[in-house]
Amino acid sequence: MSDAVLHEVSEGVLTVSFNRPDKKNALTLAMYDALLERLASADEDPSVRAIVVRGEGGSFTAGNDLSDFMKNPPASMDSPVGRVLGILPKLRTPLIAAVDGAAVGIGTTLLMHCDLVYCSDRSKFKMPFVPLGLCPEAGSSYLLPRMAGRVKATELLLLGKTFDGATALDIGLVNEVLPPDAVDARAAEVAREVAALPPASVRLTKALIGQASRDLLLEAMKREGDEFIGRLRSPEAAEAMQAFFQKRAPDFSKFE
Ligand code: COA
């Protein structure tokens, strides 16, 4: 198990921490595997009543490791990232996020699957799928327009611009914006509150909240997944990712 994903259980709350701070907690294949293992086993364990996901070292996560995307692009939704995405809409245990610093790509779209989200006032959210030659993932093309309205969702998903905690609050992506040193404590406090509630009622309420739109979400995730896998192999994505590591602006002028 990778030590780039830490975990601990206390008072009925599983806390999972991304722990690769020198790379802004960018998620490798091993980290997805570790995250999946933690989420799946917690969801089967009746003593775990809430899950908190967070990042070490002042970042939530810079999203998928871009060198993994270049070297080992997922070939199907049975890939490590696909399996993590697949479990999110099925989780029965409430998932609570504590966000500080960078929340990029899946670092933002993961939050759309969380039941409660707390972020710091220095958090920076971004879904740079189009600038990377990719397309929305994790159901964001379905979930974000429903949360934020179509034009705001288009602005965030098409332009891929960075947005702050105030905007995240405004579009309903987060519950509260807090000082950086208060985020973990607030998420832990709420997680303990959830853990003390009647568990069957909590699971039922979580399921009911998501139920009406679940089939449409799953369809959108399937469609996005197929397209995303194709885009990862596109010359546009190759140019964008090479440019990131070469610390230069990408040049898309030659593409049609
Ligand atoms: N994949 C791989 N490495 C990443 C990474 C990612 N997603 N995000 C950051 N890193 C690495 C950088 O390459 C850098 O490594 P180095 O020190 O060996 O050069 C290190 O993490 C620190 O990143 P840096 O860009 O210097 O930090 P920053 O504070 O200036 O910017 C981000 C932080 C998150 C805004 C910026 O790193 C970024 O945009 N990362 C890419 C995010 C992304 O596109 N994710 C995929 C979405 S699908």
# chains A, B, ... in the order shown; residues from 1 in each chain; ligands from 1
call {"tool": "residues_around", "arguments": {"residues": "segment 208-210 of chain A", "least_positions_apart": "5", "cutoff": "10 Å", "atoms": "only C-alpha atoms", "output": "MDAnalysis selection string"}}
result
chainID A and resid 89:90 113 115 202:203 215 217
call {"tool": "residues_near_ligand", "arguments": {"ligand": "ligand 1", "cutoff": "8 Å", "atoms": "only C-alpha atoms and all ligand atoms", "output": "list of chain:residue names"}}
result
A:Pro21, A:Asp22, A:Lys23, A:Lys24, A:Asn25, A:Ala26, A:Leu27, A:Thr61, A:Ala62, A:Gly63, A:Asn64, A:Asp65, A:Leu66, A:Ser67, A:Asp68, A:Ala102, A:Ala103, A:Val104, A:Gly105, A:Ile106, A:Lys124, A:Met127, A:Pro128, A:Phe129, A:Leu132, A:Leu134, A:Phe244, A:Phe245
call {"tool": "residues_around", "arguments": {"residues": "Ser41 of chain A", "least_positions_apart": "3", "cutoff": "12 Å", "atoms": "only C-alpha atoms", "output": "list in words"}}
result
His7, Leu14, Ala34, Leu35, Leu36, Glu37, Arg38, Glu44, Asp45, Pro46, Ser47, Val48, Ile51, Ile87, Leu91, Arg92 and Thr93 of chain A
call {"tool": "write_last_selection", "arguments": {"atoms": "all heavy atoms", "output": "compact mmCIF listing (two decimals), in the first residue's frame"}}
result
# COMPACT_ATOMS: atom_id res chain seq x y z
N HIS A 7 -4.04 6.89 6.14
CA HIS A 7 -5.41 6.72 6.64
C HIS A 7 -5.38 6.46 8.13
O HIS A 7 -4.41 5.91 8.67
CB HIS A 7 -6.11 5.57 5.92
CG HIS A 7 -5.54 4.22 6.23
ND1 HIS A 7 -6.10 3.37 7.14
CD2 HIS A 7 -4.44 3.60 5.76
CE1 HIS A 7 -5.37 2.28 7.21
NE2 HIS A 7 -4.35 2.38 6.39
N LEU A 14 -13.26 7.54 9.21
CA LEU A 14 -12.03 7.24 8.46
C LEU A 14 -11.53 8.53 7.83
O LEU A 14 -12.30 9.21 7.13
CB LEU A 14 -12.33 6.22 7.35
CG LEU A 14 -11.20 6.06 6.30
CD1 LEU A 14 -9.99 5.34 6.90
CD2 LEU A 14 -11.71 5.33 5.06
N ALA A 34 -4.77 2.81 -3.74
CA ALA A 34 -4.85 2.90 -2.28
C ALA A 34 -6.15 3.57 -1.86
O ALA A 34 -6.82 3.15 -0.89
CB ALA A 34 -3.65 3.67 -1.74
N LEU A 35 -6.53 4.62 -2.59
CA LEU A 35 -7.78 5.33 -2.26
C LEU A 35 -8.98 4.40 -2.43
O LEU A 35 -9.87 4.34 -1.57
CB LEU A 35 -7.89 6.57 -3.17
CG LEU A 35 -9.17 7.40 -3.04
CD1 LEU A 35 -9.32 7.98 -1.64
CD2 LEU A 35 -9.16 8.55 -4.08
N LEU A 36 -8.98 3.66 -3.55
CA LEU A 36 -10.08 2.73 -3.80
C LEU A 36 -10.19 1.71 -2.68
O LEU A 36 -11.29 1.43 -2.17
CB LEU A 36 -9.89 2.02 -5.14
CG LEU A 36 -10.98 1.01 -5.48
CD1 LEU A 36 -12.31 1.71 -5.75
CD2 LEU A 36 -10.59 0.14 -6.67
N GLU A 37 -9.06 1.15 -2.30
CA GLU A 37 -9.04 0.13 -1.24
C GLU A 37 -9.63 0.71 0.06
O GLU A 37 -10.46 0.08 0.71
CB GLU A 37 -7.59 -0.33 -1.05
CG GLU A 37 -7.26 -1.07 0.24
CD GLU A 37 -8.02 -2.39 0.35
OE1 GLU A 37 -8.40 -2.95 -0.69
OE2 GLU A 37 -8.25 -2.82 1.50
N ARG A 38 -9.23 1.92 0.39
CA ARG A 38 -9.73 2.55 1.63
C ARG A 38 -11.24 2.81 1.54
O ARG A 38 -11.98 2.53 2.48
CB ARG A 38 -9.01 3.89 1.88
CG ARG A 38 -7.60 3.73 2.32
CD ARG A 38 -7.52 3.02 3.68
NE ARG A 38 -6.33 2.21 3.70
CZ ARG A 38 -6.24 0.99 4.22
NH1 ARG A 38 -7.28 0.42 4.80
NH2 ARG A 38 -5.11 0.34 4.20
N GLU A 44 -17.77 -1.08 3.51
CA GLU A 44 -18.26 -2.39 3.94
C GLU A 44 -18.17 -2.55 5.45
O GLU A 44 -18.57 -3.59 5.99
CB GLU A 44 -17.42 -3.51 3.29
CG GLU A 44 -17.57 -3.62 1.79
CD GLU A 44 -19.00 -3.93 1.39
OE1 GLU A 44 -19.63 -4.79 2.03
OE2 GLU A 44 -19.50 -3.27 0.46
N ASP A 45 -17.60 -1.57 6.12
CA ASP A 45 -17.32 -1.70 7.56
C ASP A 45 -18.35 -0.87 8.35
O ASP A 45 -18.31 0.36 8.32
CB ASP A 45 -15.89 -1.18 7.84
CG ASP A 45 -15.51 -1.27 9.30
OD1 ASP A 45 -16.40 -1.51 10.15
OD2 ASP A 45 -14.32 -1.09 9.59
N PRO A 46 -19.26 -1.53 9.05
CA PRO A 46 -20.33 -0.78 9.73
C PRO A 46 -19.82 0.14 10.84
O PRO A 46 -20.52 1.05 11.26
CB PRO A 46 -21.23 -1.88 10.30
CG PRO A 46 -20.51 -3.16 10.16
CD PRO A 46 -19.38 -2.98 9.20
N SER A 47 -18.57 -0.09 11.28
CA SER A 47 -18.05 0.79 12.34
C SER A 47 -17.56 2.14 11.77
O SER A 47 -17.34 3.08 12.53
CB SER A 47 -16.92 0.11 13.12
OG SER A 47 -15.77 0.03 12.33
N VAL A 48 -17.40 2.21 10.44
CA VAL A 48 -17.02 3.49 9.82
C VAL A 48 -18.30 4.21 9.40
O VAL A 48 -19.02 3.76 8.53
CB VAL A 48 -16.08 3.28 8.61
CG1 VAL A 48 -15.79 4.62 7.92
CG2 VAL A 48 -14.78 2.62 9.04
N ILE A 51 -16.50 9.35 6.17
CA ILE A 51 -15.15 9.36 5.59
C ILE A 51 -14.77 10.81 5.30
O ILE A 51 -15.56 11.56 4.71
CB ILE A 51 -15.11 8.55 4.27
CG1 ILE A 51 -15.59 7.12 4.50
CG2 ILE A 51 -13.70 8.57 3.67
CD1 ILE A 51 -15.83 6.33 3.21
N ILE A 87 -16.72 4.02 -7.92
CA ILE A 87 -17.25 3.75 -6.58
C ILE A 87 -17.94 5.00 -5.99
O ILE A 87 -18.81 4.87 -5.11
CB ILE A 87 -16.14 3.24 -5.62
CG1 ILE A 87 -16.77 2.55 -4.41
CG2 ILE A 87 -15.22 4.34 -5.15
CD1 ILE A 87 -15.77 1.88 -3.47
N LEU A 91 -21.11 4.93 -3.11
CA LEU A 91 -20.76 4.94 -1.67
C LEU A 91 -22.01 5.10 -0.83
O LEU A 91 -22.87 5.94 -1.11
CB LEU A 91 -19.81 6.09 -1.36
CG LEU A 91 -18.33 5.91 -1.67
CD1 LEU A 91 -17.58 7.18 -1.27
CD2 LEU A 91 -17.74 4.70 -0.97
N ARG A 92 -22.09 4.33 0.24
CA ARG A 92 -23.22 4.45 1.17
C ARG A 92 -22.83 5.30 2.37
O ARG A 92 -23.68 5.84 3.07
CB ARG A 92 -23.64 3.05 1.66
CG ARG A 92 -24.08 2.14 0.51
CD ARG A 92 -24.43 0.74 0.97
NE ARG A 92 -23.53 0.24 1.97
CZ ARG A 92 -23.90 -0.43 3.06
NH1 ARG A 92 -25.18 -0.67 3.28
NH2 ARG A 92 -23.02 -0.86 3.92
N THR A 93 -21.53 5.41 2.61
CA THR A 93 -21.03 6.17 3.76
C THR A 93 -20.82 7.62 3.36
O THR A 93 -20.22 7.88 2.31
CB THR A 93 -19.67 5.57 4.20
OG1 THR A 93 -19.77 4.15 4.24
CG2 THR A 93 -19.24 6.11 5.55
call {"tool": "residues_around", "arguments": {"residues": "Arg231 of chain A", "least_positions_apart": "6", "cutoff": "12 Å", "atoms": "only C-alpha atoms", "output": "PyMOL selection string"}}
result
chain A and resi 69-70+73-75+129-137+224-225+237-240
call {"tool": "closest_residue", "arguments": {"among": "A:Val151, A:Leu143, A:Ala42, A:Ala185", "to": "Arg54 of chain A", "atoms": "only C-alpha atoms"}}
result
A:Ala185
call {"tool": "closest_atom_pairs", "arguments": {"of": "segment 41-60 of chain A", "to": "segment 96-99 of chain A", "cutoff": "8 Å", "atoms": "only C-alpha atoms", "output": "CSV"}}
result
residue,atom,partner,partner_atom,distance
A:Ala50,CA,A:Ile96,CA,7.5
A:Ile51,CA,A:Ile96,CA,6.0
A:Val52,CA,A:Ile96,CA,4.7
A:Val53,CA,A:Ala97,CA,4.9
A:Arg54,CA,A:Ala98,CA,5.0
A:Gly55,CA,A:Val99,CA,7.2
A:Ser59,CA,A:Val99,CA,7.5
A:Phe60,CA,A:Val99,CA,5.3
call {"tool": "write_last_selection", "arguments": {"atoms": "C-alpha atoms", "output": "PDB file, in the first residue's frame"}}
result
ATOM      1  CA  ALA A  50     -18.191   8.866   7.848  1.00  0.00           C
ATOM      2  CA  ILE A  51     -15.149   9.362   5.594  1.00  0.00           C
ATOM      3  CA  VAL A  52     -13.030  12.514   5.404  1.00  0.00           C
ATOM      4  CA  VAL A  53     -10.724  13.072   2.441  1.00  0.00           C
ATOM      5  CA  ARG A  54      -7.990  15.739   2.650  1.00  0.00           C
ATOM      6  CA  GLY A  55      -4.459  16.559   1.545  1.00  0.00           C
ATOM      7  CA  SER A  59      -2.665  21.143  -1.218  1.00  0.00           C
ATOM      8  CA  PHE A  60      -5.776  19.037  -1.659  1.00  0.00           C
TER       9      PHE A  60
END
call {"tool": "closest_residue", "arguments": {"among": "A:Gly172, A:Gly86, A:Gly57, A:Pro80", "to": "Leu218 of chain A", "atoms": "only C-alpha atoms"}}
result
A:Gly86
call {"tool": "residues_around", "arguments": {"residues": "Thr154 of chain A", "least_positions_apart": "5", "cutoff": "9 Å", "atoms": "only C-alpha atoms", "output": "list in words"}}
result
Ser141, Leu144, Pro145, Gly149 and Leu159 of chain A
call {"tool": "atom_distance", "arguments": {"atom1": "atom CA of Leu158 of chain A", "atom2": "atom CA of Pro250 of chain A"}}
result
16.4 Å
call {"tool": "atom_distance", "arguments": {"atom1": "atom CA of Leu178 of chain A", "atom2": "atom CA of Val117 of chain A"}}
result
11.0 Å
call {"tool": "atom_distance", "arguments": {"atom1": "atom CA of Leu95 of chain A", "atom2": "atom CA of Asn72 of chain A"}}
result
28.4 Å
call {"tool": "select_by_dssp", "arguments": {"residues": "segment 2-79 of chain A", "states": "strand (DSSP E)", "output": "number ranges by chain"}}
result
A: 5-10, 13-18, 50-55
call {"tool": "write_last_selection", "arguments": {"atoms": "N, CA, C and O atoms", "output": "compact mmCIF listing (two decimals), in the first residue's frame"}}
result
# COMPACT_ATOMS: atom_id res chain seq x y z
N VAL A 5 -0.83 7.70 0.36
CA VAL A 5 -2.20 7.86 0.84
C VAL A 5 -2.23 7.33 2.27
O VAL A 5 -2.07 6.13 2.51
N LEU A 6 -2.40 8.23 3.22
CA LEU A 6 -2.43 7.85 4.63
C LEU A 6 -3.87 7.66 5.06
O LEU A 6 -4.80 8.21 4.46
N HIS A 7 -4.04 6.89 6.14
CA HIS A 7 -5.41 6.72 6.64
C HIS A 7 -5.38 6.46 8.13
O HIS A 7 -4.41 5.91 8.67
N GLU A 8 -6.45 6.89 8.78
CA GLU A 8 -6.63 6.54 10.19
C GLU A 8 -8.11 6.53 10.51
O GLU A 8 -8.90 7.22 9.85
N VAL A 9 -8.48 5.71 11.49
CA VAL A 9 -9.88 5.65 11.91
C VAL A 9 -9.96 6.07 13.36
O VAL A 9 -9.18 5.60 14.19
N SER A 10 -10.87 6.99 13.64
CA SER A 10 -11.06 7.43 15.01
C SER A 10 -12.52 7.85 15.20
O SER A 10 -13.07 8.55 14.34
N VAL A 13 -14.82 7.61 12.29
CA VAL A 13 -14.50 8.42 11.10
C VAL A 13 -13.20 7.92 10.48
O VAL A 13 -12.16 7.89 11.16
N LEU A 14 -13.26 7.54 9.21
CA LEU A 14 -12.03 7.24 8.46
C LEU A 14 -11.53 8.53 7.83
O LEU A 14 -12.30 9.21 7.13
N THR A 15 -10.28 8.87 8.08
CA THR A 15 -9.67 10.03 7.42
C THR A 15 -8.61 9.53 6.45
O THR A 15 -7.70 8.79 6.83
N VAL A 16 -8.78 9.90 5.19
CA VAL A 16 -7.84 9.52 4.13
C VAL A 16 -7.11 10.78 3.70
O VAL A 16 -7.76 11.79 3.38
N SER A 17 -5.77 10.74 3.71
CA SER A 17 -4.98 11.93 3.38
C SER A 17 -4.06 11.67 2.20
O SER A 17 -3.25 10.74 2.24
N PHE A 18 -4.17 12.50 1.16
CA PHE A 18 -3.20 12.44 0.07
C PHE A 18 -1.89 12.99 0.61
O PHE A 18 -1.86 14.06 1.23
N ALA A 50 -18.44 7.70 8.72
CA ALA A 50 -18.19 8.87 7.85
C ALA A 50 -16.75 8.78 7.37
O ALA A 50 -15.89 8.20 8.05
N ILE A 51 -16.50 9.35 6.17
CA ILE A 51 -15.15 9.36 5.59
C ILE A 51 -14.77 10.81 5.30
O ILE A 51 -15.56 11.56 4.71
N VAL A 52 -13.57 11.19 5.74
CA VAL A 52 -13.03 12.51 5.40
C VAL A 52 -11.87 12.32 4.44
O VAL A 52 -11.00 11.47 4.67
N VAL A 53 -11.86 13.10 3.36
CA VAL A 53 -10.72 13.07 2.44
C VAL A 53 -10.08 14.46 2.44
O VAL A 53 -10.78 15.48 2.44
N ARG A 54 -8.73 14.48 2.48
CA ARG A 54 -7.99 15.74 2.65
C ARG A 54 -6.60 15.58 2.04
O ARG A 54 -6.25 14.48 1.59
N GLY A 55 -5.82 16.64 2.05
CA GLY A 55 -4.46 16.56 1.54
C GLY A 55 -3.47 17.08 2.55
O GLY A 55 -3.78 17.98 3.33
call {"tool": "closest_residue", "arguments": {"among": "A:Glu236, A:Asp43, A:Asp3, A:Asp251", "to": "Pro94 of chain A", "atoms": "only C-alpha atoms"}}
result
A:Asp43
call {"tool": "select_by_dssp", "arguments": {"residues": "segment 126-164 of chain A", "states": "alpha helix (DSSP H)", "output": "ChimeraX atom specification"}}
result
/A:140-148,150-154
